[in-house]
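Heads up: the structure comes next, in structure tokens.
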Amino acid sequence: MGHVVLDTDLQTQTTKNELAVSFRKAVEWTPSAVLINPLDKFNFVRPIMHWYYQRKMNIYIERVLDERFENRDASDMNTAGKSKRKPAIDVALQEYAELTGNPNQKPDGAFKGMVIDQMKTFLFAGHDTSSTTMSYIYYLLEQHPEKLKKLQNELDDVFGTDITRTANLLMEDPNLINKLPYCLAVIKGKIIKSYSILL
Ligand code: HEM
């Protein structure tokens with residue numbers, strides 16, 4: 001999600017990324033919808049910790065936003081809407097350039113505040129859903145080895161058997177992703193919990 005939203009490699013698999021750690025902590029300190037322990041209501045540390053981790057996330061995303069604005073190429077601001085890759089952060093900066101009619105206008109506090117909240121929403125809404133869906137797909141494919149084989153055959157047909165080349169092939173031709181009807185059906189099937197594609 002770091003790539004999709006902030007065009008940043010958060011390296012969460014190999015490092016303790018400040019944004020990812022604060023994110024998880026903020027979720028941990030978020031009161032659950034159903035209070036199991038009524039005393040939880042009186043946990044006065046909770047709002048302080050929640051505020052603390054929210055603030056850490058805001059500072060991190062604001063820094064990324066400022067760097068993105070400083071390192072932007074003004075012509076990018078006019079074309080970002082047209083380029084294939086649209087990290088949410090570029091779409092937001094392009095939106096501001098269009099709103100102000102000046103690609104060199106530094107985003108003001110109100111706009112930054114709104115963008116930071118949107119970026120957090122995307123990070124939240126996109127990471128748990130995607131990882132849960134992937135884990136569930138792996139679980140079901142493990143249960144259906146013949147379907148896993150069918151999926152692997154499709155992937156091998158499109159990308160070849162040398163997986164180290166897959167990322168480069170996709171960079172060279174992103175449309176290859178549209179040549180995987182079975183893979184797409186497996187993903188969609190999972191999401192709507194219809195086993196039809198696997199039975
Ligand atoms: C397999 C992955 C995903 C699933 C199953 C999923 C599912 C959903 C569902 C069911 C909702 C509606 C929630 C509701 O109305 O209460 C929703 C909303 C949303 N999702 Fe996803 N989502 C996925 C991935 C993503 C990703 C990758 C992003 C961001 C890049 C994202 C961003 C959002 C946002 C921003 C909303 C709120 C939309 C609104 O209220 O206007 N989702 N998602």
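If you're wondering about the labels, chains in the structure tokens are A, B, ... by order shown, residues count from 1 in each chain, ligands from 1 in order shown.
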Legend entry - All residues 12 Å or closer to region 62-64 of chain A, only C-alpha atoms, same chain fewer than 6 positions away omitted, as a VMD selection string: chain A and resid 2 5 to 10 19 55 to 56 70 to 72 89 to 90 93 107 to 120
Output N, CA and C atoms for every residue in that selection, as a compact mmCIF listing (two decimals), in the first residue's frame.
# COMPACT_ATOMS: atom_id res chain seq x y z
N GLY A 2 2.07 1.15 0.53
CA GLY A 2 3.00 2.29 0.52
C GLY A 2 3.26 2.75 -0.90
N VAL A 5 -0.24 4.23 -2.43
CA VAL A 5 -0.72 5.50 -1.84
C VAL A 5 0.36 6.59 -1.85
N LEU A 6 1.58 6.24 -1.40
CA LEU A 6 2.62 7.27 -1.22
C LEU A 6 3.78 7.12 -2.20
N ASP A 7 3.70 6.13 -3.09
CA ASP A 7 4.80 5.83 -4.01
C ASP A 7 6.12 5.70 -3.24
N THR A 8 6.03 5.05 -2.10
CA THR A 8 7.20 4.89 -1.23
C THR A 8 7.36 3.43 -0.84
N ASP A 9 8.60 2.96 -0.79
CA ASP A 9 8.86 1.60 -0.33
C ASP A 9 8.99 1.65 1.20
N LEU A 10 7.95 1.24 1.92
CA LEU A 10 7.95 1.34 3.39
C LEU A 10 8.82 0.25 4.02
N LEU A 19 5.95 4.59 10.04
CA LEU A 19 4.54 4.77 9.69
C LEU A 19 3.76 3.48 9.98
N ARG A 55 -0.45 11.29 15.54
CA ARG A 55 0.44 12.44 15.29
C ARG A 55 1.71 11.95 14.59
N LYS A 56 2.21 10.78 15.03
CA LYS A 56 3.43 10.24 14.39
C LYS A 56 3.14 9.93 12.91
N GLU A 70 8.38 19.07 -3.20
CA GLU A 70 9.69 19.71 -3.48
C GLU A 70 10.38 19.03 -4.67
N ASN A 71 10.28 17.70 -4.75
CA ASN A 71 11.00 16.97 -5.81
C ASN A 71 10.17 16.79 -7.07
N ARG A 72 8.99 17.39 -7.04
CA ARG A 72 8.12 17.17 -8.21
C ARG A 72 8.76 17.87 -9.42
N ILE A 89 -0.84 10.02 -3.79
CA ILE A 89 -0.19 11.28 -3.40
C ILE A 89 -0.03 12.22 -4.61
N ASP A 90 0.28 11.68 -5.80
CA ASP A 90 0.42 12.53 -6.99
C ASP A 90 -0.93 13.05 -7.46
N LEU A 93 -1.68 15.99 -5.25
CA LEU A 93 -0.90 17.20 -5.57
C LEU A 93 -1.35 17.79 -6.90
N PRO A 107 1.22 23.35 -1.11
CA PRO A 107 -0.06 23.02 -0.46
C PRO A 107 -0.16 23.65 0.92
N ASP A 108 -1.32 24.25 1.23
CA ASP A 108 -1.50 24.88 2.55
C ASP A 108 -1.91 23.84 3.58
N GLY A 109 -1.93 24.27 4.86
CA GLY A 109 -2.18 23.36 5.98
C GLY A 109 -3.51 22.63 5.86
N ALA A 110 -4.56 23.36 5.46
CA ALA A 110 -5.90 22.74 5.37
C ALA A 110 -5.88 21.62 4.34
N PHE A 111 -5.28 21.90 3.20
CA PHE A 111 -5.25 20.89 2.14
C PHE A 111 -4.41 19.69 2.58
N LYS A 112 -3.26 20.00 3.19
CA LYS A 112 -2.38 18.91 3.65
C LYS A 112 -3.10 18.05 4.68
N GLY A 113 -3.82 18.70 5.59
CA GLY A 113 -4.55 17.94 6.62
C GLY A 113 -5.53 16.96 5.98
N MET A 114 -6.22 17.45 4.95
CA MET A 114 -7.21 16.60 4.27
C MET A 114 -6.52 15.45 3.54
N VAL A 115 -5.43 15.77 2.86
CA VAL A 115 -4.69 14.73 2.12
C VAL A 115 -4.15 13.66 3.08
N ILE A 116 -3.61 14.11 4.20
CA ILE A 116 -3.04 13.15 5.17
C ILE A 116 -4.14 12.19 5.65
N ASP A 117 -5.33 12.74 5.93
CA ASP A 117 -6.44 11.88 6.37
C ASP A 117 -6.83 10.89 5.27
N GLN A 118 -6.87 11.38 4.01
CA GLN A 118 -7.22 10.49 2.88
C GLN A 118 -6.18 9.39 2.72
N MET A 119 -4.89 9.76 2.84
CA MET A 119 -3.83 8.77 2.68
C MET A 119 -3.95 7.69 3.76
N LYS A 120 -4.27 8.11 5.00
CA LYS A 120 -4.42 7.13 6.08
C LYS A 120 -5.61 6.22 5.80
As a tab-separated table (two decimals) with N, CA and C atoms, in the first residue's frame, please: every protein or nucleic acid residue near ligand 1 (cut-off 8 Å, counting only C-alpha atoms and all ligand atoms).
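Heads up, here's the output in out-v9.tsv:
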chain	number	residue	atom	x	y	z
A	1	MET	N	0.83	-1.20	0.00
A	1	MET	CA	0.00	0.00	0.00
A	1	MET	C	0.86	1.26	0.00
A	4	VAL	N	1.20	2.13	-3.59
A	4	VAL	CA	-0.06	2.59	-4.21
A	4	VAL	C	-0.42	3.99	-3.72
A	5	VAL	N	-0.24	4.23	-2.43
A	5	VAL	CA	-0.72	5.50	-1.84
A	5	VAL	C	0.36	6.59	-1.85
A	118	GLN	N	-6.87	11.38	4.01
A	118	GLN	CA	-7.22	10.49	2.88
A	118	GLN	C	-6.18	9.39	2.72
A	121	THR	N	-6.70	6.81	5.26
A	121	THR	CA	-7.89	6.00	4.92
A	121	THR	C	-7.52	4.93	3.90
A	122	PHE	N	-6.81	5.33	2.85
A	122	PHE	CA	-6.41	4.37	1.82
A	122	PHE	C	-5.51	3.28	2.41
A	123	LEU	N	-4.53	3.71	3.23
A	123	LEU	CA	-3.62	2.73	3.82
A	123	LEU	C	-4.40	1.73	4.68
A	124	PHE	N	-5.35	2.27	5.45
A	124	PHE	CA	-6.13	1.40	6.34
A	124	PHE	C	-7.04	0.49	5.53
A	125	ALA	N	-7.81	1.12	4.61
A	125	ALA	CA	-8.83	0.35	3.87
A	125	ALA	C	-8.20	-0.67	2.93
A	126	GLY	N	-6.97	-0.39	2.49
A	126	GLY	CA	-6.38	-1.25	1.47
A	126	GLY	C	-5.49	-2.36	1.99
A	127	HIS	N	-4.89	-2.20	3.16
A	127	HIS	CA	-3.85	-3.20	3.51
A	127	HIS	C	-4.46	-4.44	4.15
A	128	ASP	N	-5.36	-4.29	5.11
A	128	ASP	CA	-5.89	-5.48	5.78
A	128	ASP	C	-6.78	-6.30	4.84
A	129	THR	N	-7.58	-5.59	4.05
A	129	THR	CA	-8.47	-6.27	3.11
A	129	THR	C	-7.67	-7.10	2.11
A	130	SER	N	-6.66	-6.49	1.53
A	130	SER	CA	-5.85	-7.20	0.51
A	130	SER	C	-5.11	-8.37	1.13
A	131	SER	N	-4.50	-8.15	2.31
A	131	SER	CA	-3.71	-9.25	2.89
A	131	SER	C	-4.62	-10.39	3.35
A	132	THR	N	-5.81	-10.06	3.87
A	132	THR	CA	-6.74	-11.12	4.28
A	132	THR	C	-7.20	-11.91	3.05
A	133	THR	N	-7.51	-11.19	1.99
A	133	THR	CA	-7.96	-11.87	0.76
A	133	THR	C	-6.86	-12.79	0.24
A	134	MET	N	-5.63	-12.29	0.23
A	134	MET	CA	-4.52	-13.13	-0.27
A	134	MET	C	-4.33	-14.37	0.61
A	191	ILE	N	-13.36	-13.22	-3.11
A	191	ILE	CA	-13.95	-12.02	-2.51
A	191	ILE	C	-15.43	-12.21	-2.30
Inset, instruction - Write out as a PyMOL selection string the residues lying within 9 Å of region 152-164 of chain A, counting only C-alpha atoms and excluding same-chain residues fewer than 4 positions away. - result: chain A and resi 147-148+168-170+176-177+179-183
Inset, instruction - Could you give me, as a ChimeraX atom specification, each residue of region 20-147 of chain A that DSSP assigns to helix (DSSP H, G or I) when run on this structure's backbone? - result: /A:20-28,38-42,45-70,74-79,88-100,109-143,145-147
